[in-house]
>>> print(open('protein00.cif').read())   # mmCIF, C-alpha atoms
data_upload
loop_
_atom_site.label_atom_id
_atom_site.label_comp_id
_atom_site.auth_asym_id
_atom_site.auth_seq_id
_atom_site.Cartn_x
_atom_site.Cartn_y
_atom_site.Cartn_z
CA MET A 1 -185.96 -0.29 50.29
CA GLY A 2 -186.89 -3.83 51.33
CA ALA A 3 -189.24 -5.96 49.25
CA LEU A 4 -191.86 -6.01 52.02
CA THR A 5 -191.77 -2.23 52.42
CA GLU A 6 -192.02 -1.76 48.65
CA CYS A 7 -194.99 -4.12 48.54
CA LEU A 8 -196.79 -2.27 51.35
CA LEU A 9 -196.14 1.15 49.81
CA THR A 10 -197.33 -0.01 46.40
CA ALA A 11 -200.48 -1.58 47.83
CA ALA A 12 -201.19 1.63 49.75
CA ALA A 13 -200.74 3.72 46.60
CA ALA A 14 -203.12 1.47 44.71
CA TRP A 15 -205.67 1.72 47.50
CA VAL A 16 -205.49 5.52 47.24
CA ALA A 17 -205.96 5.34 43.47
CA LEU A 18 -209.06 3.19 43.84
CA LEU A 19 -210.68 4.84 46.84
CA GLY A 20 -209.34 8.37 47.32
CA LEU A 21 -208.48 10.04 50.62
CA GLY A 22 -210.28 11.85 53.39
CA LEU A 23 -212.73 9.46 55.09
CA GLY A 24 -212.19 6.95 57.87
CA VAL A 25 -213.83 3.53 57.84
CA ALA A 26 -216.36 4.50 60.48
CA ASP A 27 -217.42 7.55 58.48
CA VAL A 28 -217.59 5.44 55.31
CA ASN A 29 -219.86 2.92 57.02
CA ALA A 30 -222.13 5.63 58.38
CA ARG A 31 -222.54 7.24 54.97
CA LEU A 32 -223.04 3.88 53.28
CA LEU A 33 -225.63 2.63 55.74
CA ASN A 34 -227.69 5.79 55.42
CA ARG A 35 -227.49 5.80 51.61
CA GLY A 36 -230.86 5.30 50.01
CA GLY A 37 -232.88 7.97 51.78
CA GLY A 38 -235.75 7.77 54.25
CA GLY A 39 -233.45 6.36 56.94
CA ALA A 40 -233.08 3.12 54.97
CA ARG A 41 -229.89 1.20 55.70
CA THR A 42 -228.49 -0.52 52.65
CA ARG A 43 -225.47 -2.31 51.29
CA LEU A 44 -224.26 -2.68 47.72
CA ILE A 45 -224.49 -6.23 46.31
CA PRO A 46 -222.45 -7.04 43.18
CA LYS A 47 -223.66 -9.21 40.31
CA TYR A 48 -221.52 -10.34 37.38
CA HIS A 49 -222.19 -11.66 33.91
CA GLY A 50 -220.36 -12.17 30.64
CA ILE A 51 -217.15 -13.26 32.40
CA ARG A 52 -214.70 -14.48 29.75
CA HIS A 53 -211.15 -14.17 28.48
CA CYS A 54 -210.83 -11.13 26.22
CA ASP A 55 -212.26 -12.24 22.91
CA ASN A 56 -211.07 -9.13 21.07
CA LYS A 57 -207.41 -9.45 22.12
CA THR A 58 -204.75 -12.14 21.92
CA SER A 59 -203.35 -13.13 25.30
CA GLY A 60 -201.56 -16.05 26.87
CA MET A 61 -204.57 -17.57 28.62
CA ARG A 62 -208.10 -18.84 28.15
CA LEU A 63 -211.07 -19.07 30.49
CA PHE A 64 -213.73 -21.77 30.06
CA ASN A 65 -216.47 -23.71 31.87
CA VAL A 66 -217.56 -20.46 33.53
CA THR A 67 -220.47 -20.80 35.97
CA GLN A 68 -221.91 -18.48 38.59
CA HIS A 69 -223.66 -19.04 41.91
CA MET A 70 -225.04 -16.97 44.77
CA ASP A 71 -224.67 -17.28 48.54
CA GLU A 72 -227.43 -16.81 51.13
CA ASP A 73 -226.65 -13.09 51.45
CA GLY A 74 -227.09 -12.49 47.71
CA TYR A 75 -223.40 -12.18 46.80
CA GLU A 76 -222.51 -13.72 43.47
CA TYR A 77 -219.40 -15.79 42.76
CA VAL A 78 -217.75 -17.21 39.64
CA ASP A 79 -216.24 -20.68 39.08
CA ALA A 80 -214.15 -21.44 36.00
CA GLU A 81 -211.19 -23.25 34.55
CA LEU A 82 -208.18 -21.10 33.68
CA GLU A 83 -205.53 -22.32 31.27
CA MET A 84 -202.26 -20.39 31.19
CA LEU A 85 -200.81 -20.99 27.73
CA LYS A 86 -197.47 -19.40 28.59
CA PRO A 87 -195.62 -18.90 31.88
CA ILE A 88 -195.23 -15.43 33.39
CA ASN A 89 -191.84 -14.75 34.93
CA THR A 90 -192.78 -11.31 36.18
CA ILE A 91 -195.60 -8.79 35.70
CA LYS A 92 -194.57 -5.54 34.00
CA ALA A 93 -197.93 -3.75 34.00
CA LEU A 94 -201.41 -4.20 35.46
CA THR A 95 -204.44 -2.32 34.12
CA LEU A 96 -208.11 -2.15 35.10
CA VAL A 97 -210.41 -0.38 32.61
CA ILE A 98 -214.07 0.37 33.40
CA HIS A 99 -216.89 1.69 31.21
CA ARG A 100 -220.31 2.90 32.36
CA CYS A 101 -223.49 1.88 30.57
CA THR A 102 -227.04 3.15 31.07
CA ASP A 103 -230.24 1.36 29.98
CA GLY A 104 -228.36 -1.42 28.20
CA LEU A 105 -224.95 -2.35 26.82
CA GLY A 106 -225.21 -0.96 23.28
CA PRO A 107 -222.50 1.24 21.74
CA ASN A 108 -224.61 4.35 22.24
CA GLN A 109 -225.41 3.44 25.84
CA CYS A 110 -221.86 3.12 27.16
CA GLU A 111 -219.06 5.56 27.89
CA TYR A 112 -215.50 5.37 29.17
CA PHE A 113 -215.44 5.75 32.96
CA ASN A 114 -211.94 5.23 34.33
CA ARG A 115 -208.62 3.44 33.92
CA TRP A 116 -206.18 2.44 36.64
CA SER A 117 -202.64 1.35 35.77
CA TRP A 118 -199.72 0.20 37.89
CA SER A 119 -196.12 -0.56 36.92
CA ALA A 120 -194.14 -1.16 40.15
CA ALA A 121 -193.77 -4.26 42.34
CA LEU A 122 -196.64 -5.87 40.48
CA CYS A 123 -195.94 -9.46 41.39
CA SER A 124 -196.55 -8.34 44.96
CA LEU A 125 -199.45 -6.04 44.10
CA ALA A 126 -201.33 -8.69 42.11
CA VAL A 127 -201.55 -10.91 45.19
CA ALA A 128 -201.82 -8.09 47.77
CA LYS A 129 -204.69 -8.22 50.24
CA GLY A 130 -207.32 -5.50 50.34
CA MET A 131 -207.40 -4.81 46.60
CA VAL A 132 -210.66 -4.84 44.69
CA TRP A 133 -209.52 -7.95 42.75
CA SER A 134 -208.03 -9.80 45.77
CA PRO A 135 -210.86 -12.37 46.18
CA SER A 136 -210.52 -13.33 42.50
CA ILE A 137 -206.76 -13.86 42.72
CA ASP A 138 -207.19 -15.79 45.98
CA SER A 139 -209.77 -18.06 44.31
CA ILE A 140 -207.19 -19.50 41.86
CA SER A 141 -205.43 -22.81 42.54
CA PRO A 142 -202.62 -23.63 42.16
CA PRO A 143 -201.90 -20.09 43.43
CA PHE A 144 -201.53 -17.31 40.87
CA LYS A 145 -198.20 -15.78 41.87
CA CYS A 146 -194.89 -15.04 40.19
CA PRO A 147 -193.49 -16.90 38.49
CA VAL A 148 -196.82 -18.09 37.09
CA SER A 149 -196.47 -21.51 35.53
CA ALA A 150 -198.20 -22.60 32.34
CA GLY A 151 -200.98 -25.14 32.66
CA LEU A 152 -204.47 -25.55 34.06
CA LYS A 153 -205.68 -23.67 37.12
CA HIS A 154 -209.04 -23.84 38.88
CA VAL A 155 -211.09 -20.78 39.85
CA ARG A 156 -213.59 -21.23 42.69
CA ASN A 157 -215.75 -18.52 44.28
CA ALA A 158 -214.13 -15.60 42.46
CA SER A 159 -215.57 -12.16 43.09
CA LEU A 160 -214.56 -8.55 43.54
CA ASP A 161 -214.10 -7.31 47.09
CA ALA A 162 -217.56 -6.10 48.14
CA ARG A 163 -216.17 -4.08 51.05
CA VAL A 164 -213.82 -2.13 48.77
CA LEU A 165 -216.72 -1.49 46.38
CA GLU A 166 -218.93 -0.36 49.27
CA GLN A 167 -216.30 2.06 50.55
CA TYR A 168 -215.73 3.45 47.07
CA ALA A 169 -219.48 3.86 46.60
CA ALA A 170 -219.79 5.68 49.94
CA ARG A 171 -217.26 8.27 48.74
CA SER A 172 -218.85 8.66 45.35
CA PRO A 173 -221.90 10.69 44.26
CA ILE A 174 -222.54 8.07 41.56
CA GLU A 175 -225.57 5.81 41.99
CA TRP A 176 -223.78 2.61 41.02
CA GLU A 177 -226.92 0.48 40.94
CA LYS A 178 -228.37 2.59 38.11
CA HIS A 179 -225.66 1.55 35.65
CA SER A 180 -223.90 -1.49 34.23
CA TRP A 181 -220.11 -1.55 34.47
CA PRO A 182 -218.15 -3.43 31.76
CA PHE A 183 -214.59 -4.04 32.93
CA GLU A 184 -211.34 -5.40 31.58
CA PHE A 185 -208.48 -6.63 33.76
CA GLN A 186 -205.09 -6.95 32.02
CA LEU A 187 -201.62 -8.19 32.96
CA PHE A 188 -198.53 -7.63 30.80
CA ASN A 189 -195.44 -9.83 31.13
CA GLU A 190 -191.74 -8.99 31.22
CA GLU A 191 -191.75 -8.69 27.40
CA ASP A 192 -194.59 -6.14 27.58
CA LYS A 193 -196.97 -8.64 25.99
CA LEU A 194 -200.59 -9.07 27.11
CA THR A 195 -200.53 -12.37 28.94
CA PHE A 196 -203.72 -12.28 31.06
CA CYS A 197 -206.96 -10.55 30.06
CA VAL A 198 -210.45 -11.00 31.52
CA GLN A 199 -213.62 -9.10 30.59
CA GLY A 200 -217.05 -8.99 32.17
CA VAL A 201 -219.89 -6.78 33.32
CA GLY A 202 -220.64 -5.79 36.89
CA GLU A 203 -224.06 -4.68 38.07
CA TYR A 204 -225.04 -3.65 41.57
CA ARG A 205 -228.19 -3.55 43.64
CA ARG A 206 -228.91 -2.19 47.08
CA VAL A 207 -230.48 -4.36 49.74
CA ILE A 208 -231.68 -3.35 53.18
CA VAL A 209 -229.46 -4.58 56.00
CA LYS A 210 -230.44 -5.16 59.60
CA LYS A 211 -227.07 -4.66 61.29
CA GLU A 212 -225.80 -1.26 62.29
CA THR A 213 -222.41 -1.64 60.62
CA ILE A 214 -220.89 -3.22 57.57
CA GLY A 215 -218.65 -6.07 58.63
#
>>> encode(input="protein00.cif", output="structure tokens")
Amino acid sequence: MGALTECLLTAAAAWVALLGLGLGVADVNARLLNRGGGGARTRLIPKYHGIRHCDNKTSGMRLFNVTQHMDEDGYEYVDAELEMLKPINTIKALTLVIHRCTDGLGPNQCEYFNRWSWSAALCSLAVAKGMVWSPSIDSISPPFKCPVSAGLKHVRNASLDARVLEQYAARSPIEWEKHSWPFEFQLFNEEDKLTFCVQGVGEYRRVIVKKETIG
């Protein structure tokens, strides 16, 4: 199997894991736009806070000078400096862990929600297009791709992919805007050591849109 084919198959498998099967894009958009009741047409807008390197785990990176800003449509983005303390020759495992919190972020207000893990062709998957984390990886310069060199990198306009989130929300009975979503994104190197780890909290709100489709 060629490297390109392996990359495409792995990205497709990850897409299935994140989004599930059974709905076309047009159907997703129709369900999403009509979400909210009373004929209201809405879209899901992400907001992030508490973005940091994992302070409860030792990894081979640190994140600092983190700032956030918003564009005219209400989407929020993160700028930061990323220092890779050790190089990464290849990525052995990639994990995304999400918790769900209601009415706050206290221990008694949060519960485990889901965990996605991948262990094949990860150097390709980490930089694949169409993944929920793709805009964040694309925001890093010099580019974050294998082999990842040690040293300082700059993060500008990092975010999660709003379209992926919208499509996932359209398939889900969960009212995402009623909860807070702590997340942790981890990469493990060829020695199975945690080498990249970022934590934060996502929150979502629905805003009325004027256009007929999500584009």
>>> atom_distance(input="protein00.cif", atom1="atom CA of A:Tyr48", atom2="atom CA of A:Gly200")
7.0 Å
>>> resolve_selection(input="protein00.cif", expression="the PyMOL selection byres ((chain A and resi 131-140) around 8)", output="list in words")
Ala11, Ala14, Trp15, Ala126, Val127, Ala128, Lys129, Gly130, Ser141, Pro142, Pro143, Phe144, Lys153, His154, Val155, Arg156, Asn157, Ala158, Ser159, Leu160, Asp161, Ala162, Val164 and Leu165 of chain A
>>> closest_residue(input="protein00.cif", among="A:Val66, A:Pro182, A:Tyr204, A:Arg52", to="A:Arg115", atoms="only C-alpha atoms")
A:Pro182
>>> resolve_selection(input="protein00.cif", expression="the PyMOL selection byres ((chain A and resi 119) around 12)", output="list of chain:residue names")
A:Thr10, A:Ala11, A:Ala13, A:Ala14, A:Thr90, A:Ile91, A:Lys92, A:Ala93, A:Leu94, A:Thr95, A:Trp116, A:Ser117, A:Trp118, A:Ala120, A:Ala121, A:Leu122, A:Cys123, A:Ser124, A:Leu125, A:Ala126, A:Leu187, A:Phe188, A:Asn189, A:Glu190, A:Asp192
>>> atom_distance(input="protein00.cif", atom1="atom CA of A:Ala150", atom2="atom CA of A:Ile51")
21.1 Å
>>> residues_around(input="protein00.cif", residues="A:Val148", least_positions_apart="4", cutoff="7 Å", atoms="only C-alpha atoms", output="count of residues only")
4
>>> axis_aligned_box(input="protein00.cif", around="stretch 64-80 of chain A", padding_each_side="3 Å", output="AutoDock Vina command-line options")
--center_x -220.6 --center_y -17.9 --center_z 40.8 --size_x 19.7 --size_y 17.5 --size_z 27.4
>>> resolve_selection(input="protein00.cif", expression="the PyMOL selection byres ((chain A and resi 100) around 8)", output="number ranges by chain")
A: 98-99, 101-102, 110-113, 179-182
>>> write_last_selection(input="protein00.cif", atoms="C-alpha atoms", output="short mmCIF file (atom, residue, chain, number, x, y, z; two decimals), keeping the file's coordinate frame")
data_model
loop_
_atom_site.label_atom_id
_atom_site.label_comp_id
_atom_site.auth_asym_id
_atom_site.auth_seq_id
_atom_site.Cartn_x
_atom_site.Cartn_y
_atom_site.Cartn_z
CA ILE A 98 -214.07 0.37 33.40
CA HIS A 99 -216.89 1.69 31.21
CA CYS A 101 -223.49 1.88 30.57
CA THR A 102 -227.04 3.15 31.07
CA CYS A 110 -221.86 3.12 27.16
CA GLU A 111 -219.06 5.56 27.89
CA TYR A 112 -215.50 5.37 29.17
CA PHE A 113 -215.44 5.75 32.96
CA HIS A 179 -225.66 1.55 35.65
CA SER A 180 -223.90 -1.49 34.23
CA TRP A 181 -220.11 -1.55 34.47
CA PRO A 182 -218.15 -3.43 31.76
#
>>> residues_near_point(input="protein00.cif", point="(-211.1, -19.3, 27.7)", cutoff="8 Å", atoms="all atoms listed in the file", output="list in words")
Arg52, His53, Met61, Arg62, Leu63, Phe64, Glu81, Leu82 and Glu83 of chain A
>>> closest_residue(input="protein00.cif", among="A:Val198, A:Cys54, A:Leu44, A:Val97", to="A:Lys178", atoms="only C-alpha atoms")
A:Leu44
>>> build_atoms(input="protein00.cif", residues="stretch 133-156 of chain A", atoms="N, CA, C and O atoms", output="PDB file, in the frame of the given file")
ATOM      1  N   TRP A 133    -209.566  -6.659  43.434  1.00  0.00           N
ATOM      2  CA  TRP A 133    -209.520  -7.950  42.750  1.00  0.00           C
ATOM      3  C   TRP A 133    -209.020  -9.087  43.649  1.00  0.00           C
ATOM      4  O   TRP A 133    -208.939 -10.231  43.212  1.00  0.00           O
ATOM      5  N   SER A 134    -208.661  -8.798  44.908  1.00  0.00           N
ATOM      6  CA  SER A 134    -208.030  -9.800  45.770  1.00  0.00           C
ATOM      7  C   SER A 134    -208.807 -11.114  45.881  1.00  0.00           C
ATOM      8  O   SER A 134    -208.210 -12.198  45.787  1.00  0.00           O
ATOM      9  N   PRO A 135    -210.143 -11.096  46.078  1.00  0.00           N
ATOM     10  CA  PRO A 135    -210.860 -12.370  46.180  1.00  0.00           C
ATOM     11  C   PRO A 135    -210.758 -13.217  44.907  1.00  0.00           C
ATOM     12  O   PRO A 135    -210.767 -14.455  44.987  1.00  0.00           O
ATOM     13  N   SER A 136    -210.658 -12.569  43.748  1.00  0.00           N
ATOM     14  CA  SER A 136    -210.520 -13.330  42.500  1.00  0.00           C
ATOM     15  C   SER A 136    -209.156 -13.997  42.401  1.00  0.00           C
ATOM     16  O   SER A 136    -209.050 -15.166  42.005  1.00  0.00           O
ATOM     17  N   ILE A 137    -208.097 -13.272  42.758  1.00  0.00           N
ATOM     18  CA  ILE A 137    -206.760 -13.860  42.720  1.00  0.00           C
ATOM     19  C   ILE A 137    -206.653 -14.993  43.750  1.00  0.00           C
ATOM     20  O   ILE A 137    -206.088 -16.054  43.480  1.00  0.00           O
ATOM     21  N   ASP A 138    -207.242 -14.781  44.923  1.00  0.00           N
ATOM     22  CA  ASP A 138    -207.190 -15.790  45.980  1.00  0.00           C
ATOM     23  C   ASP A 138    -207.984 -17.046  45.611  1.00  0.00           C
ATOM     24  O   ASP A 138    -207.766 -18.111  46.196  1.00  0.00           O
ATOM     25  N   SER A 139    -208.910 -16.928  44.672  1.00  0.00           N
ATOM     26  CA  SER A 139    -209.770 -18.060  44.310  1.00  0.00           C
ATOM     27  C   SER A 139    -209.084 -19.035  43.351  1.00  0.00           C
ATOM     28  O   SER A 139    -209.646 -20.079  43.026  1.00  0.00           O
ATOM     29  N   ILE A 140    -207.875 -18.699  42.880  1.00  0.00           N
ATOM     30  CA  ILE A 140    -207.190 -19.500  41.860  1.00  0.00           C
ATOM     31  C   ILE A 140    -206.261 -20.529  42.527  1.00  0.00           C
ATOM     32  O   ILE A 140    -205.490 -20.194  43.418  1.00  0.00           O
ATOM     33  N   SER A 141    -206.367 -21.777  42.078  1.00  0.00           N
ATOM     34  CA  SER A 141    -205.430 -22.810  42.540  1.00  0.00           C
ATOM     35  C   SER A 141    -204.993 -23.661  41.337  1.00  0.00           C
ATOM     36  O   SER A 141    -205.810 -23.950  40.463  1.00  0.00           O
ATOM     37  N   PRO A 142    -203.702 -24.073  41.278  1.00  0.00           N
ATOM     38  CA  PRO A 142    -202.620 -23.630  42.160  1.00  0.00           C
ATOM     39  C   PRO A 142    -202.522 -22.099  42.193  1.00  0.00           C
ATOM     40  O   PRO A 142    -203.001 -21.426  41.280  1.00  0.00           O
ATOM     41  N   PRO A 143    -201.912 -21.541  43.237  1.00  0.00           N
ATOM     42  CA  PRO A 143    -201.900 -20.090  43.430  1.00  0.00           C
ATOM     43  C   PRO A 143    -201.348 -19.325  42.223  1.00  0.00           C
ATOM     44  O   PRO A 143    -200.403 -19.766  41.563  1.00  0.00           O
ATOM     45  N   PHE A 144    -201.959 -18.182  41.955  1.00  0.00           N
ATOM     46  CA  PHE A 144    -201.530 -17.310  40.870  1.00  0.00           C
ATOM     47  C   PHE A 144    -200.526 -16.317  41.438  1.00  0.00           C
ATOM     48  O   PHE A 144    -200.893 -15.272  41.971  1.00  0.00           O
ATOM     49  N   LYS A 145    -199.243 -16.663  41.377  1.00  0.00           N
ATOM     50  CA  LYS A 145    -198.200 -15.780  41.870  1.00  0.00           C
ATOM     51  C   LYS A 145    -196.932 -16.003  41.055  1.00  0.00           C
ATOM     52  O   LYS A 145    -196.732 -17.061  40.461  1.00  0.00           O
ATOM     53  N   CYS A 146    -196.099 -14.980  41.006  1.00  0.00           N
ATOM     54  CA  CYS A 146    -194.890 -15.040  40.190  1.00  0.00           C
ATOM     55  C   CYS A 146    -193.858 -16.002  40.789  1.00  0.00           C
ATOM     56  O   CYS A 146    -193.664 -16.013  41.998  1.00  0.00           O
ATOM     57  N   PRO A 147    -193.166 -16.759  39.926  1.00  0.00           N
ATOM     58  CA  PRO A 147    -193.490 -16.900  38.490  1.00  0.00           C
ATOM     59  C   PRO A 147    -194.722 -17.771  38.299  1.00  0.00           C
ATOM     60  O   PRO A 147    -194.883 -18.781  38.983  1.00  0.00           O
ATOM     61  N   VAL A 148    -195.588 -17.350  37.366  1.00  0.00           N
ATOM     62  CA  VAL A 148    -196.820 -18.090  37.090  1.00  0.00           C
ATOM     63  C   VAL A 148    -196.518 -19.175  36.068  1.00  0.00           C
ATOM     64  O   VAL A 148    -196.059 -18.884  34.970  1.00  0.00           O
ATOM     65  N   SER A 149    -196.773 -20.407  36.432  1.00  0.00           N
ATOM     66  CA  SER A 149    -196.470 -21.510  35.530  1.00  0.00           C
ATOM     67  C   SER A 149    -197.563 -21.683  34.485  1.00  0.00           C
ATOM     68  O   SER A 149    -198.720 -21.298  34.698  1.00  0.00           O
ATOM     69  N   ALA A 150    -197.202 -22.245  33.357  1.00  0.00           N
ATOM     70  CA  ALA A 150    -198.200 -22.600  32.340  1.00  0.00           C
ATOM     71  C   ALA A 150    -198.966 -23.821  32.825  1.00  0.00           C
ATOM     72  O   ALA A 150    -198.503 -24.587  33.666  1.00  0.00           O
ATOM     73  N   GLY A 151    -200.187 -23.979  32.285  1.00  0.00           N
ATOM     74  CA  GLY A 151    -200.980 -25.140  32.660  1.00  0.00           C
ATOM     75  C   GLY A 151    -202.357 -24.746  33.167  1.00  0.00           C
ATOM     76  O   GLY A 151    -202.747 -23.573  33.144  1.00  0.00           O
ATOM     77  N   LEU A 152    -203.090 -25.740  33.646  1.00  0.00           N
ATOM     78  CA  LEU A 152    -204.470 -25.550  34.060  1.00  0.00           C
ATOM     79  C   LEU A 152    -204.556 -25.120  35.516  1.00  0.00           C
ATOM     80  O   LEU A 152    -203.898 -25.683  36.381  1.00  0.00           O
ATOM     81  N   LYS A 153    -205.387 -24.117  35.765  1.00  0.00           N
ATOM     82  CA  LYS A 153    -205.680 -23.670  37.120  1.00  0.00           C
ATOM     83  C   LYS A 153    -207.200 -23.668  37.316  1.00  0.00           C
ATOM     84  O   LYS A 153    -207.949 -23.575  36.347  1.00  0.00           O
ATOM     85  N   HIS A 154    -207.624 -23.777  38.563  1.00  0.00           N
ATOM     86  CA  HIS A 154    -209.040 -23.840  38.880  1.00  0.00           C
ATOM     87  C   HIS A 154    -209.453 -22.570  39.628  1.00  0.00           C
ATOM     88  O   HIS A 154    -208.758 -22.127  40.545  1.00  0.00           O
ATOM     89  N   VAL A 155    -210.574 -21.997  39.219  1.00  0.00           N
ATOM     90  CA  VAL A 155    -211.090 -20.780  39.850  1.00  0.00           C
ATOM     91  C   VAL A 155    -212.381 -21.151  40.587  1.00  0.00           C
ATOM     92  O   VAL A 155    -213.329 -21.668  39.980  1.00  0.00           O
ATOM     93  N   ARG A 156    -212.420 -20.894  41.879  1.00  0.00           N
ATOM     94  CA  ARG A 156    -213.590 -21.230  42.690  1.00  0.00           C
ATOM     95  C   ARG A 156    -213.954 -20.043  43.582  1.00  0.00           C
ATOM     96  O   ARG A 156    -213.140 -19.544  44.339  1.00  0.00           O
TER      97      ARG A 156
END
